[in-house]
Structure formats: C-alpha cells, structure tokens
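Trainee: Sharing start-v5.txt below, compact mmCIF, C-alpha atoms:
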# COMPACT_ATOMS: atom_id res chain seq x y z
CA MET A 1 0.00 0.00 0.00
CA LYS A 2 1.31 3.45 -0.79
CA PRO A 3 1.71 5.81 2.17
CA LEU A 4 -1.26 8.11 2.71
CA THR A 5 -1.46 11.55 4.24
CA GLU A 6 -4.03 12.65 6.78
CA GLN A 7 -5.80 14.71 4.10
CA GLU A 8 -5.96 11.73 1.71
CA ILE A 9 -7.40 9.54 4.47
CA ARG A 10 -10.06 12.08 5.45
CA ALA A 11 -11.09 12.56 1.81
CA ALA A 12 -11.41 8.78 1.27
CA PHE A 13 -14.36 8.11 3.61
CA VAL A 14 -17.38 6.74 1.76
CA ASN A 15 -19.84 6.16 4.61
CA CYS A 16 -19.74 9.30 6.70
CA SER A 17 -20.19 13.00 6.08
CA LYS A 18 -17.30 15.33 5.30
CA GLY A 19 -17.83 16.92 8.69
CA GLU A 20 -17.58 13.57 10.46
CA ALA A 21 -14.46 12.68 8.44
CA LYS A 22 -12.93 16.01 9.41
CA ARG A 23 -13.55 15.40 13.13
CA LEU A 24 -12.50 11.75 13.39
CA SER A 25 -9.17 10.78 14.92
CA VAL A 26 -6.48 9.85 12.37
CA PRO A 27 -3.29 8.12 13.58
CA ARG A 28 -0.48 10.57 14.28
CA ASP A 29 2.23 8.06 13.39
CA LEU A 30 1.44 7.69 9.68
CA ASP A 31 5.10 8.12 8.70
CA GLU A 32 6.06 5.21 10.99
CA ARG A 33 3.53 2.68 9.64
CA PRO A 34 4.89 -0.37 7.75
CA TRP A 35 3.19 0.69 4.49
CA ALA A 36 5.02 -1.89 2.35
CA ASP A 37 3.48 -4.67 4.47
CA LEU A 38 -0.09 -3.31 4.53
CA GLU A 39 -3.06 -4.01 2.28
CA TYR A 40 -5.11 -1.62 4.38
CA LEU A 41 -4.60 0.81 7.24
CA GLY A 42 -6.86 0.15 10.19
CA TRP A 43 -7.07 1.82 13.61
CA ARG A 44 -9.24 2.37 16.65
CA ASP A 45 -10.17 5.86 17.79
CA PRO A 46 -8.27 6.44 21.06
CA GLN A 47 -11.05 8.75 22.34
CA ALA A 48 -13.83 6.31 21.40
CA PRO A 49 -12.55 2.70 21.36
CA ASP A 50 -15.82 1.43 19.88
CA ARG A 51 -15.06 3.38 16.69
CA THR A 52 -12.76 1.79 14.15
CA TYR A 53 -11.61 2.91 10.74
CA LEU A 54 -10.21 1.17 7.71
CA VAL A 55 -8.71 2.64 4.54
CA ALA A 56 -7.64 0.60 1.52
CA GLU A 57 -6.59 1.37 -2.02
CA ARG A 58 -8.99 0.05 -4.66
CA ASP A 59 -8.50 0.69 -8.38
CA GLY A 60 -5.88 3.32 -7.59
CA THR A 61 -8.18 5.25 -5.25
CA ALA A 62 -8.19 5.28 -1.46
CA ARG A 63 -11.50 4.14 0.07
CA ALA A 64 -12.13 4.45 3.79
CA VAL A 65 -14.96 3.22 5.99
CA ALA A 66 -15.99 4.15 9.50
CA MET A 67 -17.13 1.21 11.62
CA ARG A 68 -18.44 0.50 15.11
CA SER A 69 -17.14 -2.33 17.20
CA PRO A 70 -18.34 -3.42 20.62
CA ASN A 71 -16.04 -2.67 23.53
CA HIS A 72 -15.94 -6.33 24.41
CA LEU A 73 -14.30 -8.91 22.19
CA VAL A 74 -16.30 -11.67 20.53
CA GLY A 75 -16.24 -14.97 22.38
CA GLN A 76 -13.57 -14.20 24.92
CA GLY A 77 -12.01 -17.48 25.94
CA LYS A 78 -12.84 -19.32 22.73
CA ARG A 79 -11.12 -19.06 19.38
CA ASN A 80 -12.73 -17.03 16.59
CA MET A 81 -11.61 -16.44 13.03
CA CYS A 82 -11.15 -13.13 11.24
CA SER A 83 -13.19 -12.99 8.03
CA LEU A 84 -10.46 -11.09 6.20
CA CYS A 85 -7.17 -12.83 6.99
CA LEU A 86 -8.50 -16.12 8.44
CA THR A 87 -6.36 -15.75 11.56
CA THR A 88 -7.86 -17.31 14.67
CA HIS A 89 -7.60 -15.55 18.00
CA SER A 90 -8.67 -16.32 21.50
CA GLY A 91 -10.75 -13.21 22.17
CA GLY A 92 -8.99 -11.14 19.50
CA VAL A 93 -11.75 -10.89 16.88
CA SER A 94 -14.50 -8.25 16.90
CA LEU A 95 -17.67 -7.74 14.93
CA MET A 96 -17.10 -4.53 12.99
CA VAL A 97 -20.26 -2.89 11.65
CA ALA A 98 -20.15 -0.21 8.96
CA PRO A 99 -23.05 1.99 7.92
CA LYS A 100 -23.69 1.55 4.22
CA ALA A 101 -22.61 4.40 1.96
CA GLY A 102 -25.13 6.87 0.57
CA ARG A 103 -28.87 6.84 1.08
CA ALA A 104 -28.91 3.27 2.47
CA GLY A 105 -26.61 4.31 5.31
CA LYS A 106 -28.71 7.38 6.06
CA GLU A 107 -31.70 5.06 6.37
CA GLY A 108 -29.83 3.05 8.99
CA ASN A 109 -28.65 0.10 6.89
CA SER A 110 -25.30 -1.42 7.78
CA VAL A 111 -23.09 -4.43 7.09
CA GLY A 112 -20.77 -6.23 9.44
CA THR A 113 -17.92 -8.69 9.43
CA TYR A 114 -15.55 -10.23 11.95
CA ILE A 115 -12.08 -8.62 11.84
CA CYS A 116 -8.96 -8.90 13.98
CA SER A 117 -9.62 -6.52 16.89
CA ASP A 118 -6.30 -4.75 16.37
CA LEU A 119 -6.91 -4.46 12.59
CA ALA A 120 -3.45 -5.93 11.88
CA CYS A 121 -4.52 -8.59 9.37
CA SER A 122 -1.71 -7.80 6.93
CA LEU A 123 0.90 -8.37 9.63
CA TYR A 124 -0.68 -11.65 10.77
CA VAL A 125 -0.76 -13.01 7.20
CA ARG A 126 2.92 -12.14 6.74
CA GLY A 127 3.92 -13.64 10.10
CA LYS A 128 5.14 -10.24 11.34
CA LYS A 129 2.69 -10.34 14.22
CA ASP A 130 2.01 -13.47 16.26
CA ALA A 131 -1.56 -14.54 17.01
CA GLY A 132 -0.38 -17.24 19.41
CA ILE A 133 -0.51 -21.01 19.17
CA GLY A 134 -2.91 -22.09 16.44
CA GLY A 135 -3.45 -18.53 15.26
CA ARG A 136 -2.35 -19.23 11.72
CA LEU A 137 -3.36 -22.59 10.34
CA HIS A 138 -0.82 -24.43 8.20
CA GLU A 139 -1.66 -23.94 4.54
CA THR A 140 0.04 -25.11 1.38
CA ILE A 141 -0.67 -21.92 -0.55
CA THR A 142 2.00 -19.25 -0.98
CA LEU A 143 2.23 -15.98 0.91
CA ASP A 144 1.16 -14.13 -2.24
CA GLU A 145 -1.94 -16.32 -2.47
CA LYS A 146 -2.77 -15.67 1.20
CA VAL A 147 -2.39 -11.94 0.66
CA GLN A 148 -4.55 -12.11 -2.48
CA ARG A 149 -7.27 -14.00 -0.59
CA MET A 150 -7.25 -11.35 2.15
CA VAL A 151 -7.48 -8.57 -0.47
CA GLU A 152 -10.43 -10.33 -2.09
CA ASN A 153 -12.17 -10.73 1.29
CA LEU A 154 -11.56 -7.05 2.05
CA SER A 155 -12.81 -6.02 -1.40
CA ALA A 156 -15.99 -8.04 -0.89
CA PHE A 157 -16.63 -6.28 2.45
CA LEU A 158 -15.99 -2.84 0.94
CA ALA A 159 -18.30 -3.69 -1.99
CA ARG A 160 -21.08 -4.53 0.49
CA VAL A 161 -20.54 -1.18 2.26
CA THR A 162 -20.70 0.80 -0.99
CA ALA A 163 -23.48 -1.23 -2.69
Rewrite the structure of this file - the entire thing - as structure tokens.

Mentor:
Amino acid sequence: MKPLTEQEIRAAFVNCSKGEAKRLSVPRDLDERPWADLEYLGWRDPQAPDRTYLVAERDGTARAVAMRSPNHLVGQGKRNMCSLCLTTHSGGVSLMVAPKAGRAGKEGNSVGTYICSDLACSLYVRGKKDAGIGGRLHETITLDEKVQRMVENLSAFLARVTA
C-alpha cells in the first residue's frame, strides 16, 4: 500500500459526512507505519474505542470506511476467526459494523464482518505479528496467495458497504 497523508485519508471516507471525516481521529504516526506490508490501514479511535476505521486502495483510489465495534471482544475465551485474513484468535476478533454508503446508510442500513480486533490482518498473514498457538493454520498456498485471498475478502466487504 502506498503511504497516505491525513488529508488523503479524510477525503477517502465513503460512509460518513465530510464533517464527520474532518472530526474523526487519524493516527499521528502515519510516517512510521509499515506501508510496504499493509493491504489496508486500520485503527481504533483512542477517544472512542468502539469506533474503528479502515482505509484501503482500490483501483488506484483510497476508500475508507468508518465502523463500530463493541467494547468487548467476541467470544472471549474461545477461538474465533477473522473474516479477512482467516487468523484465529482467543478473544482477538471483533464484529465490525459499517453503515452503508449513501442513502442506504442514512436510512440506517449497515453491514458487518468479523475482523482482527487490532486491525493488523496484513501483519498476521505475513507472520510479522504473532496470534499465538494455532493462530495461523498451516496452509500449502503461498504468501502471495494468502495476501490475495485477504485482499479479495476485504474487497468483498468494501463492496457490500458501498453497494
């Protein structure tokens, strides 16, 4: 993923107003992020931990979505799988719900998916972050194929948000 500026991130939101995008909390450490290892940038709002954000590049354009996530983790104590990267965590997966873009979102429609609570899917897939014993199942596909699968899963989620 190419590095993004705060202005590019704010302009990329598809499911909130320009005013909301202007007020939301963007990470201050953008220049320190491992951009070469990311398929998307995801973060939690430090002032409102139930608010999460995700920005990804699709067809050469940055697309960002605002999501809500419960303060508690899904199934604490049992293993759950992220729908994007297929990493399993014990209590480290959250249901992230995004209002749909446009009129559907204004009418209250939303879509949700289970995502790693720390939004570090790209790092889990690459083995740069450890999900613990059994977090990454042994697969015979290549790293590039795992990354491509995650990108396709992310694209499908973003398509549901913008549909």

Trainee: For Pro99 in chain A, which residue out of A:Arg51, A:Arg68, A:Lys18, A:Arg44 is the nearest one, using all atoms listed in the file?

Mentor: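 Once distances to Pro99 in chain A are computed over all atoms listed in the file, the minimum belongs to A:Arg68.
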
Trainee: Residues of range 83-103 of chain A within 9 Å of range 144-159 of chain A: nearest atom pair and distance (Å, one decimal) for each, counting all atoms listed in the file, sorted by chain and number, as a Markdown table?

Mentor:
| residue | atom | partner | partner_atom | distance |
| --- | --- | --- | --- | --- |
| A:Ser83 | CA | A:Asn153 | CA | 7.2 |
| A:Leu84 | CA | A:Met150 | CA | 5.2 |
| A:Cys85 | CA | A:Met150 | CA | 5.1 |
| A:Leu86 | CA | A:Met150 | CA | 8.0 |

Trainee: Which protein, DNA or RNA residues have an atom at most 8 Å from (-21.5, 3.7, 3.2), counting only C-alpha atoms? List them as a CSV table (one decimal) with C-alpha atoms, in the frame of the given file.

Mentor:
chain,number,residue,atom,x,y,z
A,14,VAL,CA,-17.4,6.7,1.8
A,15,ASN,CA,-19.8,6.2,4.6
A,16,CYS,CA,-19.7,9.3,6.7
A,65,VAL,CA,-15.0,3.2,6.0
A,98,ALA,CA,-20.2,-0.2,9.0
A,99,PRO,CA,-23.0,2.0,7.9
A,100,LYS,CA,-23.7,1.6,4.2
A,101,ALA,CA,-22.6,4.4,2.0
A,102,GLY,CA,-25.1,6.9,0.6
A,104,ALA,CA,-28.9,3.3,2.5
A,105,GLY,CA,-26.6,4.3,5.3
A,110,SER,CA,-25.3,-1.4,7.8
A,161,VAL,CA,-20.5,-1.2,2.3
A,162,THR,CA,-20.7,0.8,-1.0
A,163,ALA,CA,-23.5,-1.2,-2.7

Trainee: With only C-alpha atoms as the atoms that count, which of A:Leu143, A:Phe13, A:Leu24, A:Lys129 lies nearest to Arg63 in chain A?

Mentor: A:Phe13

Trainee: If I take CA of Gly60 in chain A and CA of Ala12 in chain A, how far is one from the other in Å, to one decimal?

Mentor: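 Rounded to one decimal, the two atoms are 11.8 Å apart.
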
Trainee: May I ask for the distance between CA of Asp45 in chain A and CA of Val26 in chain A, given in Å to one decimal place?

Mentor: 7.7 Å

Trainee: Once you count all atoms listed in the file, what closest atom pair and distance in Å to one decimal does each residue of range 4-119 of chain A within 9 Å of range 136-140 of chain A have, with rows by chain and rising residue number, as a tab-separated table?

Mentor:
residue	atom	partner	partner_atom	distance
A:Leu86	CA	A:Arg136	CA	7.6
A:Thr87	CA	A:Arg136	CA	5.3
A:Thr88	CA	A:Arg136	CA	6.5
A:His89	CA	A:Arg136	CA	9.0

Trainee: List the residues sitting within 8 Å of (-4.1, 2.2, 11.1) in the file's frame, using only C-alpha atoms, as number ranges by chain.

Mentor: A: 27, 30, 33, 40-44, 53-54, 119

Trainee: Generate the missing atoms of range 13-38 of chain A up to N, CA, C and O atoms and report them as a PDB file, in the coordinates of the input.

Mentor:
ATOM      1  N   PHE A  13     -13.226   8.746   2.930  1.00  0.00           N
ATOM      2  CA  PHE A  13     -14.360   8.110   3.610  1.00  0.00           C
ATOM      3  C   PHE A  13     -15.599   8.105   2.723  1.00  0.00           C
ATOM      4  O   PHE A  13     -15.968   9.115   2.146  1.00  0.00           O
ATOM      5  N   VAL A  14     -16.216   6.921   2.626  1.00  0.00           N
ATOM      6  CA  VAL A  14     -17.380   6.740   1.760  1.00  0.00           C
ATOM      7  C   VAL A  14     -18.680   6.603   2.537  1.00  0.00           C
ATOM      8  O   VAL A  14     -19.752   6.677   1.939  1.00  0.00           O
ATOM      9  N   ASN A  15     -18.607   6.410   3.849  1.00  0.00           N
ATOM     10  CA  ASN A  15     -19.840   6.160   4.610  1.00  0.00           C
ATOM     11  C   ASN A  15     -20.034   7.091   5.800  1.00  0.00           C
ATOM     12  O   ASN A  15     -20.682   6.741   6.777  1.00  0.00           O
ATOM     13  N   CYS A  16     -19.463   8.271   5.700  1.00  0.00           N
ATOM     14  CA  CYS A  16     -19.740   9.300   6.700  1.00  0.00           C
ATOM     15  C   CYS A  16     -19.651  10.663   6.017  1.00  0.00           C
ATOM     16  O   CYS A  16     -19.123  10.777   4.914  1.00  0.00           O
ATOM     17  N   SER A  17     -20.186  11.669   6.672  1.00  0.00           N
ATOM     18  CA  SER A  17     -20.190  13.000   6.080  1.00  0.00           C
ATOM     19  C   SER A  17     -18.792  13.603   6.095  1.00  0.00           C
ATOM     20  O   SER A  17     -17.909  13.141   6.829  1.00  0.00           O
ATOM     21  N   LYS A  18     -18.595  14.636   5.306  1.00  0.00           N
ATOM     22  CA  LYS A  18     -17.300  15.330   5.300  1.00  0.00           C
ATOM     23  C   LYS A  18     -16.986  15.913   6.666  1.00  0.00           C
ATOM     24  O   LYS A  18     -15.847  15.918   7.106  1.00  0.00           O
ATOM     25  N   GLY A  19     -18.012  16.387   7.350  1.00  0.00           N
ATOM     26  CA  GLY A  19     -17.830  16.920   8.690  1.00  0.00           C
ATOM     27  C   GLY A  19     -17.369  15.850   9.669  1.00  0.00           C
ATOM     28  O   GLY A  19     -16.469  16.072  10.482  1.00  0.00           O
ATOM     29  N   GLU A  20     -17.988  14.672   9.595  1.00  0.00           N
ATOM     30  CA  GLU A  20     -17.580  13.570  10.460  1.00  0.00           C
ATOM     31  C   GLU A  20     -16.148  13.141  10.135  1.00  0.00           C
ATOM     32  O   GLU A  20     -15.349  12.889  11.038  1.00  0.00           O
ATOM     33  N   ALA A  21     -15.822  13.069   8.848  1.00  0.00           N
ATOM     34  CA  ALA A  21     -14.460  12.680   8.440  1.00  0.00           C
ATOM     35  C   ALA A  21     -13.443  13.699   8.925  1.00  0.00           C
ATOM     36  O   ALA A  21     -12.321  13.340   9.303  1.00  0.00           O
ATOM     37  N   LYS A  22     -13.830  14.960   8.951  1.00  0.00           N
ATOM     38  CA  LYS A  22     -12.930  16.010   9.410  1.00  0.00           C
ATOM     39  C   LYS A  22     -12.660  15.913  10.910  1.00  0.00           C
ATOM     40  O   LYS A  22     -11.566  16.217  11.378  1.00  0.00           O
ATOM     41  N   ARG A  23     -13.670  15.460  11.667  1.00  0.00           N
ATOM     42  CA  ARG A  23     -13.550  15.400  13.130  1.00  0.00           C
ATOM     43  C   ARG A  23     -12.956  14.096  13.660  1.00  0.00           C
ATOM     44  O   ARG A  23     -12.489  14.054  14.790  1.00  0.00           O
ATOM     45  N   LEU A  24     -12.971  13.024  12.867  1.00  0.00           N
ATOM     46  CA  LEU A  24     -12.500  11.750  13.390  1.00  0.00           C
ATOM     47  C   LEU A  24     -10.999  11.742  13.643  1.00  0.00           C
ATOM     48  O   LEU A  24     -10.258  12.541  13.071  1.00  0.00           O
ATOM     49  N   SER A  25     -10.569  10.870  14.507  1.00  0.00           N
ATOM     50  CA  SER A  25      -9.170  10.780  14.920  1.00  0.00           C
ATOM     51  C   SER A  25      -8.373   9.941  13.936  1.00  0.00           C
ATOM     52  O   SER A  25      -8.665   8.766  13.732  1.00  0.00           O
ATOM     53  N   VAL A  26      -7.371  10.551  13.298  1.00  0.00           N
ATOM     54  CA  VAL A  26      -6.480   9.850  12.370  1.00  0.00           C
ATOM     55  C   VAL A  26      -5.162   9.578  13.102  1.00  0.00           C
ATOM     56  O   VAL A  26      -4.703  10.423  13.878  1.00  0.00           O
ATOM     57  N   PRO A  27      -4.551   8.415  12.885  1.00  0.00           N
ATOM     58  CA  PRO A  27      -3.290   8.120  13.580  1.00  0.00           C
ATOM     59  C   PRO A  27      -2.244   9.206  13.345  1.00  0.00           C
ATOM     60  O   PRO A  27      -2.105   9.721  12.231  1.00  0.00           O
ATOM     61  N   ARG A  28      -1.513   9.544  14.383  1.00  0.00           N
ATOM     62  CA  ARG A  28      -0.480  10.570  14.280  1.00  0.00           C
ATOM     63  C   ARG A  28       0.850  10.012  13.790  1.00  0.00           C
ATOM     64  O   ARG A  28       1.737  10.762  13.446  1.00  0.00           O
ATOM     65  N   ASP A  29       0.965   8.691  13.764  1.00  0.00           N
ATOM     66  CA  ASP A  29       2.230   8.060  13.390  1.00  0.00           C
ATOM     67  C   ASP A  29       2.221   7.512  11.959  1.00  0.00           C
ATOM     68  O   ASP A  29       2.820   6.475  11.675  1.00  0.00           O
ATOM     69  N   LEU A  30       1.557   8.186  11.046  1.00  0.00           N
ATOM     70  CA  LEU A  30       1.440   7.690   9.680  1.00  0.00           C
ATOM     71  C   LEU A  30       2.795   7.446   9.024  1.00  0.00           C
ATOM     72  O   LEU A  30       2.956   6.487   8.275  1.00  0.00           O
ATOM     73  N   ASP A  31       3.775   8.298   9.318  1.00  0.00           N
ATOM     74  CA  ASP A  31       5.100   8.120   8.700  1.00  0.00           C
ATOM     75  C   ASP A  31       5.865   6.931   9.275  1.00  0.00           C
ATOM     76  O   ASP A  31       6.854   6.491   8.699  1.00  0.00           O
ATOM     77  N   GLU A  32       5.390   6.355  10.372  1.00  0.00           N
ATOM     78  CA  GLU A  32       6.060   5.210  10.990  1.00  0.00           C
ATOM     79  C   GLU A  32       5.368   3.888  10.673  1.00  0.00           C
ATOM     80  O   GLU A  32       5.843   2.833  11.089  1.00  0.00           O
ATOM     81  N   ARG A  33       4.269   3.907   9.964  1.00  0.00           N
ATOM     82  CA  ARG A  33       3.530   2.680   9.640  1.00  0.00           C
ATOM     83  C   ARG A  33       4.301   1.843   8.622  1.00  0.00           C
ATOM     84  O   ARG A  33       4.965   2.388   7.744  1.00  0.00           O
ATOM     85  N   PRO A  34       4.184   0.509   8.696  1.00  0.00           N
ATOM     86  CA  PRO A  34       4.890  -0.370   7.750  1.00  0.00           C
ATOM     87  C   PRO A  34       4.119  -0.488   6.425  1.00  0.00           C
ATOM     88  O   PRO A  34       3.609  -1.546   6.061  1.00  0.00           O
ATOM     89  N   TRP A  35       4.027   0.609   5.684  1.00  0.00           N
ATOM     90  CA  TRP A  35       3.190   0.690   4.490  1.00  0.00           C
ATOM     91  C   TRP A  35       3.444  -0.439   3.494  1.00  0.00           C
ATOM     92  O   TRP A  35       2.507  -0.945   2.881  1.00  0.00           O
ATOM     93  N   ALA A  36       4.685  -0.840   3.322  1.00  0.00           N
ATOM     94  CA  ALA A  36       5.020  -1.890   2.350  1.00  0.00           C
ATOM     95  C   ALA A  36       4.391  -3.227   2.734  1.00  0.00           C
ATOM     96  O   ALA A  36       4.211  -4.096   1.870  1.00  0.00           O
ATOM     97  N   ASP A  37       4.058  -3.412   3.993  1.00  0.00           N
ATOM     98  CA  ASP A  37       3.480  -4.670   4.470  1.00  0.00           C
ATOM     99  C   ASP A  37       1.976  -4.576   4.695  1.00  0.00           C
ATOM    100  O   ASP A  37       1.383  -5.491   5.271  1.00  0.00           O
ATOM    101  N   LEU A  38       1.342  -3.508   4.268  1.00  0.00           N
ATOM    102  CA  LEU A  38      -0.090  -3.310   4.530  1.00  0.00           C
ATOM    103  C   LEU A  38      -0.915  -3.382   3.248  1.00  0.00           C
ATOM    104  O   LEU A  38      -0.526  -2.814   2.227  1.00  0.00           O
TER     105      LEU A  38
END
